[in-house]
file upload.tsv (TSV, C-alpha atoms)
chain	number	residue	atom	x	y	z
E	1	MET	CA	108.35	106.55	99.05
E	2	ASP	CA	104.86	105.52	97.97
E	3	LEU	CA	102.69	105.78	101.06
E	4	MET	CA	99.73	104.09	99.38
E	5	LYS	CA	101.80	100.98	98.65
E	6	ILE	CA	103.13	100.89	102.20
E	7	GLY	CA	99.63	101.25	103.66
E	8	THR	CA	98.22	98.67	101.26
E	9	LYS	CA	100.88	96.12	102.12
E	10	LEU	CA	100.42	96.61	105.86
E	11	LEU	CA	96.63	96.41	105.63
E	12	MET	CA	96.73	93.30	103.44
E	13	SER	CA	98.97	91.56	105.97
E	14	LYS	CA	96.14	91.71	108.53
E	15	LEU	CA	93.10	90.95	106.38
E	16	VAL	CA	91.32	87.74	107.32
E	17	GLY	CA	89.33	86.11	104.55
E	18	GLY	CA	89.33	89.21	102.40
E	19	THR	CA	90.61	90.04	98.98
E	20	THR	CA	94.19	89.41	97.95
E	21	ASP	CA	93.97	91.88	95.04
E	22	SER	CA	96.41	94.64	96.00
E	23	SER	CA	94.95	97.15	93.52
E	24	LEU	CA	91.48	96.65	95.01
E	25	VAL	CA	92.87	97.11	98.52
E	26	GLN	CA	94.81	100.21	97.46
E	27	ASN	CA	91.74	101.78	95.83
E	28	ALA	CA	89.52	101.03	98.84
E	29	LEU	CA	92.15	102.33	101.25
E	30	GLY	CA	92.56	105.46	99.15
E	31	ARG	CA	88.82	106.15	99.37
E	32	PHE	CA	88.94	105.55	103.12
E	33	LEU	CA	92.00	107.62	104.01
E	34	GLY	CA	92.51	109.96	101.13
E	35	THR	CA	91.50	111.30	97.80
E	36	GLY	CA	91.43	108.03	95.90
E	37	ASP	CA	95.03	107.66	94.83
E	38	THR	CA	96.98	109.31	97.66
E	39	PHE	CA	96.69	109.54	101.41
E	40	ASP	CA	95.39	112.85	102.70
E	41	ILE	CA	97.85	112.90	105.58
E	42	ALA	CA	96.78	116.33	106.82
E	43	SER	CA	93.12	115.36	107.15
E	44	LEU	CA	94.00	112.02	108.71
E	45	VAL	CA	96.28	113.61	111.32
E	46	SER	CA	93.80	116.41	112.00
E	47	GLY	CA	90.91	113.99	112.41
E	48	LEU	CA	92.76	111.74	114.80
E	49	GLN	CA	94.03	114.67	116.84
E	50	SER	CA	90.57	116.22	117.10
E	51	GLY	CA	89.28	112.78	118.10
E	52	GLY	CA	91.33	112.94	121.30
E	53	LEU	CA	94.36	111.03	120.03
E	54	GLY	CA	96.77	113.97	119.93
E	55	GLU	CA	99.50	112.40	122.07
E	56	ILE	CA	99.43	109.16	120.11
E	57	VAL	CA	99.54	110.96	116.76
E	58	GLN	CA	102.37	113.19	117.99
E	59	SER	CA	104.48	110.09	118.66
E	60	TRP	CA	104.06	109.06	115.01
E	61	LEU	CA	105.21	112.48	113.82
E	62	GLY	CA	108.48	112.34	115.73
E	63	ASP	CA	111.50	110.13	115.23
E	64	GLY	CA	111.02	108.09	118.40
E	65	GLU	CA	108.85	105.07	119.09
E	66	ASN	CA	105.38	105.08	117.63
E	67	ALA	CA	102.71	104.78	120.30
E	68	ALA	CA	100.19	102.04	119.69
E	69	ILE	CA	96.58	102.80	118.89
E	70	SER	CA	93.89	100.38	120.01
E	71	ALA	CA	91.11	99.16	117.78
E	72	ASP	CA	88.58	100.94	120.00
E	73	GLN	CA	90.49	104.24	119.81
E	74	LEU	CA	90.76	103.98	116.06
E	75	LYS	CA	87.12	102.99	115.64
E	76	GLY	CA	86.07	105.98	117.72
E	77	ALA	CA	88.14	108.37	115.63
E	78	VAL	CA	87.14	107.30	112.11
E	79	ASP	CA	83.86	107.55	110.24
E	80	GLY	CA	81.94	104.38	111.10
E	81	ASN	CA	80.17	104.29	107.74
E	82	LYS	CA	83.48	104.59	105.88
E	83	LEU	CA	84.88	101.77	108.02
E	84	LYS	CA	81.92	99.54	107.12
E	85	GLU	CA	82.32	100.43	103.44
E	86	LEU	CA	86.04	99.58	103.58
E	87	ALA	CA	85.39	96.20	105.21
E	88	SER	CA	82.68	95.42	102.66
E	89	ALA	CA	84.87	96.45	99.72
E	90	LEU	CA	87.64	94.20	101.00
E	91	GLY	CA	85.32	91.26	101.68
E	92	THR	CA	86.20	91.04	105.36
E	93	ASP	CA	84.99	92.20	108.76
E	94	GLU	CA	85.60	95.48	110.56
E	95	GLY	CA	87.86	93.83	113.14
E	96	SER	CA	90.23	92.62	110.45
E	97	VAL	CA	90.28	96.06	108.85
E	98	LEU	CA	90.90	97.76	112.20
E	99	ALA	CA	93.80	95.38	112.92
E	100	GLY	CA	95.38	96.35	109.61
E	101	LEU	CA	94.76	100.05	110.11
E	102	GLN	CA	96.24	99.90	113.62
E	103	GLU	CA	99.52	98.92	112.01
E	104	ALA	CA	99.26	100.83	108.74
E	105	ILE	CA	98.24	104.29	109.92
E	106	PRO	CA	101.04	104.87	112.47
E	107	GLN	CA	103.69	103.64	110.03
E	108	VAL	CA	102.37	105.68	107.11
E	109	VAL	CA	102.18	108.87	109.20
E	110	ASP	CA	105.65	108.14	110.60
E	111	LYS	CA	107.16	107.67	107.14
E	112	ALA	CA	105.41	110.79	105.84
E	113	SER	CA	106.86	112.87	108.64
E	114	SER	CA	110.50	111.86	108.92
E	115	GLY	CA	112.22	114.17	111.35
E	116	GLY	CA	108.88	115.14	112.84
E	117	SER	CA	108.02	117.36	109.87
E	118	ILE	CA	104.92	116.63	107.91
E	119	LEU	CA	105.16	119.92	106.00
E	120	ASP	CA	105.99	118.39	102.63
E	121	SER	CA	103.34	115.72	103.03
E	122	ILE	CA	100.59	118.24	103.69
E	123	GLY	CA	101.38	120.56	100.82
E	124	GLY	CA	103.93	122.98	102.25
E	125	LEU	CA	102.95	126.13	104.08
E	126	ALA	CA	99.51	126.33	102.48
E	127	GLY	CA	98.75	122.82	103.67
E	128	ALA	CA	100.03	123.66	107.15
E	129	ALA	CA	97.76	126.71	107.26
E	130	LYS	CA	94.77	124.57	106.28
E	131	LEU	CA	95.67	121.98	108.92
E	132	ALA	CA	95.96	124.68	111.58
E	133	LYS	CA	92.62	126.15	110.53
E	134	ASP	CA	91.01	122.71	110.68
E	135	LEU	CA	92.41	122.09	114.15
E	136	LEU	CA	91.16	125.43	115.45
E	137	THR	CA	87.65	125.27	114.02

call {"tool": "encode", "arguments": {"input": "upload.tsv", "output": "structure tokens"}}
result
Amino acid sequence: MDLMKIGTKLLMSKLVGGTTDSSLVQNALGRFLGTGDTFDIASLVSGLQSGGLGEIVQSWLGDGENAAISADQLKGAVDGNKLKELASALGTDEGSVLAGLQEAIPQVVDKASSGGSILDSIGGLAGAAKLAKDLLT
């Protein structure tokens, strides 16, 4: 399962007036949510949870229904400058990007954590320890 491709496809489906170059979208999304070529799921989950969205994120980690995240909730939980940079890189507005991220982020986290376990996606036990440290500091 290639999470970057899934996220790219979902984001592109919501872009209004932006680029249709999937490699450009994938690179921009990678800079926004990860390390450039992969999603940093642990940091994404940690950031959203520390931003007050713990219950919503928890629903994505389990096998049940994914709770929806509003554009306002998402905008409040992500770096505003990075959001502006993403919209600019994609040639669209922040609202279009947020609409795509509202769909992409829950599905990517859900797929990365089948069975409610994100352990493999965050780098095993070492990644889990880092995530726990990040949540507690």

call {"tool": "atom_distance", "arguments": {"input": "upload.tsv", "atom1": "CA of Gly62 in chain E", "atom2": "CA of Gly30 in chain E"}}
result
24.0 Å

call {"tool": "residues_around", "arguments": {"input": "upload.tsv", "residues": "Val109 in chain E", "least_positions_apart": "2", "cutoff": "7 Å", "atoms": "all atoms listed in the file", "output": "tab-separated table (two decimals) with C-alpha atoms, keeping the file's coordinate frame"}}
result
chain	number	residue	atom	x	y	z
E	41	ILE	CA	97.85	112.90	105.58
E	60	TRP	CA	104.06	109.06	115.01
E	61	LEU	CA	105.21	112.48	113.82
E	105	ILE	CA	98.24	104.29	109.92
E	106	PRO	CA	101.04	104.87	112.47
E	107	GLN	CA	103.69	103.64	110.03
E	111	LYS	CA	107.16	107.67	107.14
E	112	ALA	CA	105.41	110.79	105.84
E	113	SER	CA	106.86	112.87	108.64

call {"tool": "closest_residue", "arguments": {"input": "upload.tsv", "among": "E:Ile69, E:Leu29, E:Leu83, E:Met12", "to": "Gln102 in chain E", "atoms": "all atoms listed in the file"}}
result
E:Ile69

call {"tool": "closest_residue", "arguments": {"input": "upload.tsv", "among": "E:Ile6, E:Leu90, E:Val16, E:Val108", "to": "Leu44 in chain E", "atoms": "all atoms listed in the file"}}
result
E:Val108

call {"tool": "atom_distance", "arguments": {"input": "upload.tsv", "atom1": "CA of Lys82 in chain E", "atom2": "CA of Val25 in chain E"}}
result
14.1 Å

call {"tool": "residues_around", "arguments": {"input": "upload.tsv", "residues": "Leu11 in chain E", "least_positions_apart": "4", "cutoff": "10 Å", "atoms": "only C-alpha atoms", "output": "compact mmCIF listing (two decimals) with C-alpha atoms, in the coordinates of the input"}}
result
# COMPACT_ATOMS: atom_id res chain seq x y z
CA LYS E 5 101.80 100.98 98.65
CA ILE E 6 103.13 100.89 102.20
CA GLY E 7 99.63 101.25 103.66
CA LEU E 15 93.10 90.95 106.38
CA SER E 22 96.41 94.64 96.00
CA VAL E 25 92.87 97.11 98.52
CA GLN E 26 94.81 100.21 97.46
CA LEU E 29 92.15 102.33 101.25
CA SER E 96 90.23 92.62 110.45
CA VAL E 97 90.28 96.06 108.85
CA LEU E 98 90.90 97.76 112.20
CA ALA E 99 93.80 95.38 112.92
CA GLY E 100 95.38 96.35 109.61
CA LEU E 101 94.76 100.05 110.11
CA GLN E 102 96.24 99.90 113.62
CA GLU E 103 99.52 98.92 112.01
CA ALA E 104 99.26 100.83 108.74
CA ILE E 105 98.24 104.29 109.92

call {"tool": "atom_distance", "arguments": {"input": "upload.tsv", "atom1": "CA of Gly80 in chain E", "atom2": "CA of Leu48 in chain E"}}
result
13.6 Å

call {"tool": "closest_residue", "arguments": {"input": "upload.tsv", "among": "E:Leu10, E:Thr19, E:Gly91, E:Ala77", "to": "Val45 in chain E", "atoms": "all atoms listed in the file"}}
result
E:Ala77
